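Peer 1: Below is the structure I would like to discuss, written out as structure tokens.
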Amino acid sequence: MKEVEVFDLFEKIEIPLTKVLAKMELEGIALDVEMLQNYSTQLTSELQLLENKIHQLADEEFNISSPKQMGEILFEKLELSKKPKKTKSGQYSTSEETLLKLKDTHPIIDEILTFRGVKKLLSTYVDALPELVNTETKRIHTTFNQSVASTGRLSSVNPNIQNIPIRTKRGMKVREAFIPKDKNYTLMAADYSQIELRIMASLSKDEGMLTAFNNGVDIHSATAAKVFKVDVKDVDRNMRSQAKSVNFGIIYGISAFGLSQNIGVSRTEAKEIIDNYFEQFPKVKEYMDWSIEQAREKEYVETIMGRRRYLKDINARNGMIRAMAERNAINAPIQGSAADIIKIAMINVQQEMEQREMKSKMLLQVHDELVFDMHNSESSELKTLVKEKMVQAVSLQVPLIVDIGEGLNWLEAH
DNA sequence: GTAATCACG
DNA sequence: ACGTACGTGATTACA
């Protein structure tokens, strides 16, 4: 019986999606190569200055890009930590997380962090992207993998268009390099607001969560008010920020350790927060337990469209392996259902655009976002159509909200 | 080839 | 007692 659902998923979603993806890949997206080349010159000289400064501060020349050499400088020569954190293989950890904790011990740390950021930007994006512009089309053509991610998400390679920087000032400049086809077009981006938490609300049917979404309130503030037992108007920035982490944790299959690491409190305090959360959102807890129970019985969990993730480790004797599978049992239906929803939307949007013979084109998918080359004559028509198809892709216990933006580059469209 | 790091949702 | 937040891909160093 249930196999019918998996076949429907295949026939009604994955197969029709192949053509949509093929068209997006063939269409490609325009890149402002000249801008990136200028930016490269600027970043390269910044990088040179940083390199000199770091070598000067270390009083030694070494390869800053070698974590091994970096560890030896920081922890053997400069002795910045009494008991340096090690990686799995016994090397000194020099990850951003580790370095941030050493920020105040030596001025070299800040320079290293900046160096790392600039180097990453240059090698992965600023210098790499222009190389991938197709000589015939003059556009960037990614490849979307439809059968890589175990949750049902797409992935993107060559280049990975789903991890273009946005969080830092320097990174934003890279987004600015993704531009419309020509002067008759504008880039338009449409993204689902809090889709995974809405799915959690809908699947768990937790009253508190449903009420929050059905009343259109800020979910992280609403969560903070409940968890910290204060009035919404008394939620401060720190409380909201912690609640946001809790909400992320809920989607990931929360653990006291993970939360404590994320927000920098003790495990005891983290456990306290989680206990309060489950007290305030009891059906979320019930749903999470139910998901794990389903996994134990069937050795798989499923999304709203019946997509399965098999979890052979769910009954493992090794507690750590088992705990991992339990988090997967909670996360996969959430992340996977979000993937189902945007895939349905993509098929319906593409179908409608073709039927209307529109000039606009769907270009990219970034998990909860779709990006379009929008022909200026179709501006309001396209935005209305896309919003409608995305919002109506499926019917949940809460509304799906889609935010739309547009501009002369991908950054502005956000 | 693998480990470490870091970019995104 | 142990060691963990979920899902990806690209780059670099190094055995």
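Identifiers for the structure tokens are assigned positionally: chains receive A, B, ... in sequence, residues are indexed from 1 per chain, and ligands are indexed from 1 in the order shown.
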Give me, as CSV, the closest atom pair and its distance (Å, one decimal) for every residue of region 332-394 of chain A within a cut-off of 12 Å of region 7-10 of chain C, counting only C-alpha atoms (C1' of nucleotides), rows sorted by chain and rising number.
Peer 2:
```
residue,atom,partner,partner_atom,distance
A:Ala332,CA,C:DG7,C1',9.0
A:Ile334,CA,C:DG7,C1',11.2
A:Gln335,CA,C:DG7,C1',7.9
A:Gly336,CA,C:DG7,C1',9.7
A:Ala338,CA,C:DG7,C1',11.9
A:Ala339,CA,C:DG7,C1',11.1
A:Val366,CA,C:DT8,C1',11.1
A:His367,CA,C:DG7,C1',10.1
```
Peer 1: With N, CA and C atoms retained, export the selected residues as a PDB file, in the first residue's frame.
Peer 2:
```pdb
ATOM      1  N   ALA A 332      15.034  14.392   9.143  1.00  0.00           N
ATOM      2  CA  ALA A 332      14.784  14.038   7.736  1.00  0.00           C
ATOM      3  C   ALA A 332      13.354  14.350   7.277  1.00  0.00           C
ATOM      4  N   ILE A 334      11.435  16.647   8.318  1.00  0.00           N
ATOM      5  CA  ILE A 334      11.274  18.103   8.275  1.00  0.00           C
ATOM      6  C   ILE A 334      11.998  18.676   7.056  1.00  0.00           C
ATOM      7  N   GLN A 335      13.299  18.410   6.985  1.00  0.00           N
ATOM      8  CA  GLN A 335      14.085  18.923   5.869  1.00  0.00           C
ATOM      9  C   GLN A 335      13.569  18.354   4.541  1.00  0.00           C
ATOM     10  N   GLY A 336      13.201  17.071   4.567  1.00  0.00           N
ATOM     11  CA  GLY A 336      12.725  16.415   3.354  1.00  0.00           C
ATOM     12  C   GLY A 336      11.364  16.921   2.895  1.00  0.00           C
ATOM     13  N   ALA A 338      10.252  19.917   3.361  1.00  0.00           N
ATOM     14  CA  ALA A 338      10.520  21.234   2.766  1.00  0.00           C
ATOM     15  C   ALA A 338      10.997  21.055   1.325  1.00  0.00           C
ATOM     16  N   ALA A 339      11.823  20.023   1.107  1.00  0.00           N
ATOM     17  CA  ALA A 339      12.300  19.738  -0.255  1.00  0.00           C
ATOM     18  C   ALA A 339      11.130  19.326  -1.147  1.00  0.00           C
ATOM     19  N   VAL A 366      17.723  27.363  -4.151  1.00  0.00           N
ATOM     20  CA  VAL A 366      18.630  27.285  -3.005  1.00  0.00           C
ATOM     21  C   VAL A 366      17.837  26.836  -1.770  1.00  0.00           C
ATOM     22  N   HIS A 367      17.300  25.636  -1.833  1.00  0.00           N
ATOM     23  CA  HIS A 367      16.629  24.952  -0.720  1.00  0.00           C
ATOM     24  C   HIS A 367      15.279  25.552  -0.312  1.00  0.00           C
TER      25      HIS A 367
END
```
Peer 1: Can you pull out the residues contacting DT11 (chain C)? Cut-off 9 Å, using only C-alpha atoms (C1' of nucleotides), and skip same-chain residues under 2 positions away; I want them as an mmCIF file with all heavy atoms, in the first residue's frame.
Peer 2:
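File written: selection29.cif
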```cif
data_model
loop_
_atom_site.group_PDB
_atom_site.id
_atom_site.type_symbol
_atom_site.label_atom_id
_atom_site.label_comp_id
_atom_site.auth_asym_id
_atom_site.auth_seq_id
_atom_site.Cartn_x
_atom_site.Cartn_y
_atom_site.Cartn_z
ATOM 1 N N LYS A 120 39.426 32.278 1.465
ATOM 2 C CA LYS A 120 38.268 31.451 1.097
ATOM 3 C C LYS A 120 37.487 32.110 -0.043
ATOM 4 O O LYS A 120 37.126 31.474 -1.039
ATOM 5 C CB LYS A 120 37.368 31.288 2.324
ATOM 6 C CG LYS A 120 36.138 30.450 2.113
ATOM 7 C CD LYS A 120 36.483 29.017 2.276
ATOM 8 C CE LYS A 120 35.271 28.109 2.247
ATOM 9 N NZ LYS A 120 35.683 26.711 2.473
ATOM 10 N N SER A 123 39.613 32.062 -3.377
ATOM 11 C CA SER A 123 39.869 30.792 -4.055
ATOM 12 C C SER A 123 38.591 30.049 -4.423
ATOM 13 O O SER A 123 38.528 29.388 -5.443
ATOM 14 C CB SER A 123 40.784 29.910 -3.216
ATOM 15 O OG SER A 123 40.205 29.678 -1.965
ATOM 16 N N THR A 124 37.567 30.175 -3.597
ATOM 17 C CA THR A 124 36.350 29.409 -3.876
ATOM 18 C C THR A 124 35.367 30.165 -4.770
ATOM 19 O O THR A 124 34.592 29.532 -5.488
ATOM 20 C CB THR A 124 35.648 29.015 -2.556
ATOM 21 O OG1 THR A 124 36.598 28.397 -1.700
ATOM 22 C CG2 THR A 124 34.492 28.061 -2.806
ATOM 23 P P DT B 5 40.922 22.402 11.593
ATOM 24 O OP1 DT B 5 41.981 23.177 12.237
ATOM 25 O OP2 DT B 5 39.897 21.698 12.384
ATOM 26 O "O5'" DT B 5 40.151 23.358 10.569
ATOM 27 C "C5'" DT B 5 40.905 24.094 9.609
ATOM 28 C "C4'" DT B 5 39.970 24.657 8.564
ATOM 29 O "O4'" DT B 5 39.445 23.590 7.749
ATOM 30 C "C3'" DT B 5 38.731 25.367 9.129
ATOM 31 O "O3'" DT B 5 38.946 26.770 9.051
ATOM 32 C "C2'" DT B 5 37.587 24.918 8.217
ATOM 33 C "C1'" DT B 5 38.285 24.109 7.132
ATOM 34 N N1 DT B 5 37.467 22.980 6.600
ATOM 35 C C2 DT B 5 37.160 22.972 5.265
ATOM 36 O O2 DT B 5 37.518 23.837 4.489
ATOM 37 N N3 DT B 5 36.405 21.908 4.853
ATOM 38 C C4 DT B 5 35.937 20.863 5.633
ATOM 39 O O4 DT B 5 35.271 19.969 5.138
ATOM 40 C C5 DT B 5 36.310 20.930 7.030
ATOM 41 C C7 DT B 5 35.859 19.852 7.967
ATOM 42 C C6 DT B 5 37.050 21.965 7.453
#
```
Peer 1: Select all residues from chain A having any atom no more than 8 Å from an atom of chain C (counting only C-alpha atoms (C1' of nucleotides), ignoring ligands), output as a short mmCIF file (atom, residue, chain, number, x, y, z; two decimals) with N, CA and C atoms, in the first residue's frame.
Peer 2:
```cif
data_model
loop_
_atom_site.label_atom_id
_atom_site.label_comp_id
_atom_site.auth_asym_id
_atom_site.auth_seq_id
_atom_site.Cartn_x
_atom_site.Cartn_y
_atom_site.Cartn_z
N SER A 65 47.98 28.72 5.15
CA SER A 65 46.89 27.83 4.71
C SER A 65 47.08 26.40 5.18
N SER A 66 48.15 26.12 5.88
CA SER A 66 48.36 24.78 6.40
C SER A 66 47.96 24.72 7.87
N PRO A 67 46.85 24.05 8.17
CA PRO A 67 46.40 23.97 9.56
C PRO A 67 47.47 23.36 10.47
N LYS A 120 39.43 32.28 1.47
CA LYS A 120 38.27 31.45 1.10
C LYS A 120 37.49 32.11 -0.04
N SER A 123 39.61 32.06 -3.38
CA SER A 123 39.87 30.79 -4.06
C SER A 123 38.59 30.05 -4.42
N THR A 124 37.57 30.17 -3.60
CA THR A 124 36.35 29.41 -3.88
C THR A 124 35.37 30.16 -4.77
N ALA A 149 21.51 14.06 -1.92
CA ALA A 149 21.17 14.34 -0.52
C ALA A 149 20.16 13.32 0.01
N THR A 151 18.06 13.46 2.33
CA THR A 151 16.77 13.97 2.78
C THR A 151 15.83 14.29 1.62
N ARG A 153 16.70 16.79 -0.56
CA ARG A 153 17.11 18.08 -1.08
C ARG A 153 17.88 17.91 -2.38
N SER A 155 21.27 19.07 -4.57
CA SER A 155 22.56 19.69 -4.31
C SER A 155 23.02 20.26 -5.64
N SER A 156 24.08 21.04 -5.59
CA SER A 156 24.51 21.80 -6.77
C SER A 156 26.03 21.74 -6.87
N VAL A 157 26.51 21.42 -8.06
CA VAL A 157 27.96 21.32 -8.26
C VAL A 157 28.42 22.07 -9.51
N ASN A 160 28.98 25.02 -7.12
CA ASN A 160 27.90 24.93 -6.14
C ASN A 160 27.29 26.32 -6.03
N GLY A 249 17.69 23.99 16.81
CA GLY A 249 17.95 22.71 17.45
C GLY A 249 16.79 21.75 17.33
N ILE A 251 14.70 21.46 14.95
CA ILE A 251 14.69 20.89 13.60
C ILE A 251 15.80 19.85 13.43
N TYR A 252 16.90 20.07 14.12
CA TYR A 252 18.04 19.17 13.97
C TYR A 252 17.95 17.93 14.85
N GLY A 253 17.00 17.88 15.76
CA GLY A 253 16.95 16.79 16.73
C GLY A 253 17.84 17.18 17.90
N ILE A 254 17.31 18.05 18.71
CA ILE A 254 18.09 18.79 19.71
C ILE A 254 18.82 17.90 20.72
N SER A 255 19.98 18.38 21.17
CA SER A 255 20.67 17.76 22.30
C SER A 255 21.16 18.89 23.20
N PHE A 257 23.92 19.11 24.68
CA PHE A 257 25.30 19.43 24.33
C PHE A 257 25.36 20.36 23.11
N GLY A 258 24.62 20.01 22.07
CA GLY A 258 24.63 20.81 20.85
C GLY A 258 24.18 22.23 21.12
N LEU A 259 23.10 22.37 21.89
CA LEU A 259 22.59 23.71 22.20
C LEU A 259 23.59 24.48 23.04
N MET A 320 26.21 6.33 20.45
CA MET A 320 26.47 7.52 19.67
C MET A 320 25.90 7.39 18.25
N ALA A 323 22.15 7.57 18.53
CA ALA A 323 21.69 8.95 18.76
C ALA A 323 21.70 9.75 17.46
N MET A 324 22.70 9.51 16.65
CA MET A 324 22.79 10.16 15.34
C MET A 324 21.57 9.78 14.48
N ARG A 327 18.50 11.56 15.66
CA ARG A 327 18.41 12.96 15.18
C ARG A 327 17.99 12.98 13.72
N ASN A 328 18.50 12.02 12.95
CA ASN A 328 18.09 11.91 11.55
C ASN A 328 16.58 11.62 11.44
N ASN A 331 15.02 14.99 11.96
CA ASN A 331 15.36 16.01 10.95
C ASN A 331 14.89 15.66 9.54
N ALA A 332 15.03 14.39 9.14
CA ALA A 332 14.78 14.04 7.74
C ALA A 332 13.35 14.35 7.28
N GLN A 335 13.30 18.41 6.98
CA GLN A 335 14.08 18.92 5.87
C GLN A 335 13.57 18.35 4.54
#
```
Peer 1: Find the nearest atom pair between each residue of chain A and chain B for residues within 7 Å, count only C-alpha atoms (C1' of nucleotides), give distances in Å to one decimal, sort rows by chain and ascending number, and present the table as JSON lines.
Peer 2:
```
{"residue": "A:Ser95", "atom": "CA", "partner": "B:DT5", "partner_atom": "C1'", "distance": 6.6}
{"residue": "A:Gln162", "atom": "CA", "partner": "B:DC8", "partner_atom": "C1'", "distance": 5.7}
{"residue": "A:Asn163", "atom": "CA", "partner": "B:DC8", "partner_atom": "C1'", "distance": 3.4}
{"residue": "A:Ile164", "atom": "CA", "partner": "B:DC8", "partner_atom": "C1'", "distance": 6.2}
{"residue": "A:Pro165", "atom": "CA", "partner": "B:DA7", "partner_atom": "C1'", "distance": 6.1}
{"residue": "A:Val366", "atom": "CA", "partner": "B:DG9", "partner_atom": "C1'", "distance": 6.9}
{"residue": "A:His367", "atom": "CA", "partner": "B:DG9", "partner_atom": "C1'", "distance": 5.9}
```
Peer 1: Need to verify the contact set: Val349 (chain A), 7 Å, only C-alpha atoms (C1' of nucleotides), exclusion of same-chain residues closer than 4 positions in sequence. Can you return it as a VMD selection string?
Peer 2: chain A and resid 345 353 386 389
Peer 1: Give me a file of those residues, with N, CA, C and O atoms, as a short mmCIF file (atom, residue, chain, number, x, y, z; two decimals), in the first residue's frame.
Peer 2:
```cif
data_model
loop_
_atom_site.label_atom_id
_atom_site.label_comp_id
_atom_site.auth_asym_id
_atom_site.auth_seq_id
_atom_site.Cartn_x
_atom_site.Cartn_y
_atom_site.Cartn_z
N ALA A 345 6.37 23.18 -6.02
CA ALA A 345 6.22 24.58 -6.46
C ALA A 345 6.98 24.81 -7.77
O ALA A 345 6.46 25.45 -8.69
N MET A 353 4.50 29.08 -16.34
CA MET A 353 5.29 30.03 -17.14
C MET A 353 5.33 29.60 -18.60
O MET A 353 5.27 30.43 -19.52
N VAL A 386 4.43 33.29 -9.10
CA VAL A 386 5.40 32.53 -8.31
C VAL A 386 4.93 32.42 -6.86
O VAL A 386 4.95 31.35 -6.26
N LYS A 389 1.98 29.94 -6.63
CA LYS A 389 2.34 28.53 -6.77
C LYS A 389 3.16 28.03 -5.57
O LYS A 389 3.03 26.87 -5.17
#
```
Peer 1: Could you please write out, as a ChimeraX atom specification, every residue of region 150-193 of chain A that DSSP assigns to alpha helix (DSSP H)?
Peer 2: /A:169-175
Peer 1: Rounded to one decimal, what separation in Å do you get between CA of Ile64 (chain A) and CA of Lys85 (chain A)?
Peer 2: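 Between CA of Ile64 (chain A) and CA of Lys85 (chain A) the gap is 18.5 Å.
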Peer 1: Pick out the closest residue to Trp290 (chain A) from this set: A:Ile112, A:Ile330, A:Leu121, A:Leu78. Count only C-alpha atoms.
Peer 2: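 Among the listed residues, the smallest separation from Trp290 (chain A) belongs to A:Ile330.
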Peer 1: Could you pull out the strand (DSSP E) residues of region 114-248 of chain A from DSSP and send them as a list in words?
Peer 2: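 Strand (DSSP E) members of region 114-248 of chain A, listed: Arg139, Ile140, Thr143, Phe144, Asn145, Ser155, Ser156, Val157, Phe178, Ile179, Tyr185, Thr186, Leu187, Met188, Ala189, Ala190, Asp191 and Tyr192 of chain A.
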Peer 1: Would you save the residues of that selection, restricted to C-alpha atoms, as a PDB file, in the first residue's frame?
Peer 2:
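What landed in part_34.pdb:
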```pdb
ATOM      1  CA  ARG A 139      26.772  32.310 -18.391  1.00  0.00           C
ATOM      2  CA  ILE A 140      27.267  30.122 -15.338  1.00  0.00           C
ATOM      3  CA  THR A 143      24.497  21.042 -12.306  1.00  0.00           C
ATOM      4  CA  PHE A 144      21.738  20.131  -9.866  1.00  0.00           C
ATOM      5  CA  ASN A 145      22.070  16.697  -8.300  1.00  0.00           C
ATOM      6  CA  SER A 155      22.556  19.691  -4.315  1.00  0.00           C
ATOM      7  CA  SER A 156      24.514  21.799  -6.768  1.00  0.00           C
ATOM      8  CA  VAL A 157      27.964  21.321  -8.261  1.00  0.00           C
ATOM      9  CA  PHE A 178      25.105  37.520 -10.126  1.00  0.00           C
ATOM     10  CA  ILE A 179      23.125  39.771 -12.442  1.00  0.00           C
ATOM     11  CA  TYR A 185      15.476  41.845 -17.061  1.00  0.00           C
ATOM     12  CA  THR A 186      15.623  42.082 -13.268  1.00  0.00           C
ATOM     13  CA  LEU A 187      16.652  39.363 -10.832  1.00  0.00           C
ATOM     14  CA  MET A 188      13.772  38.221  -8.677  1.00  0.00           C
ATOM     15  CA  ALA A 189      14.092  35.971  -5.621  1.00  0.00           C
ATOM     16  CA  ALA A 190      11.224  34.280  -3.804  1.00  0.00           C
ATOM     17  CA  ASP A 191      11.876  32.493  -0.549  1.00  0.00           C
ATOM     18  CA  TYR A 192       9.790  30.549   1.931  1.00  0.00           C
TER      19      TYR A 192
END
```
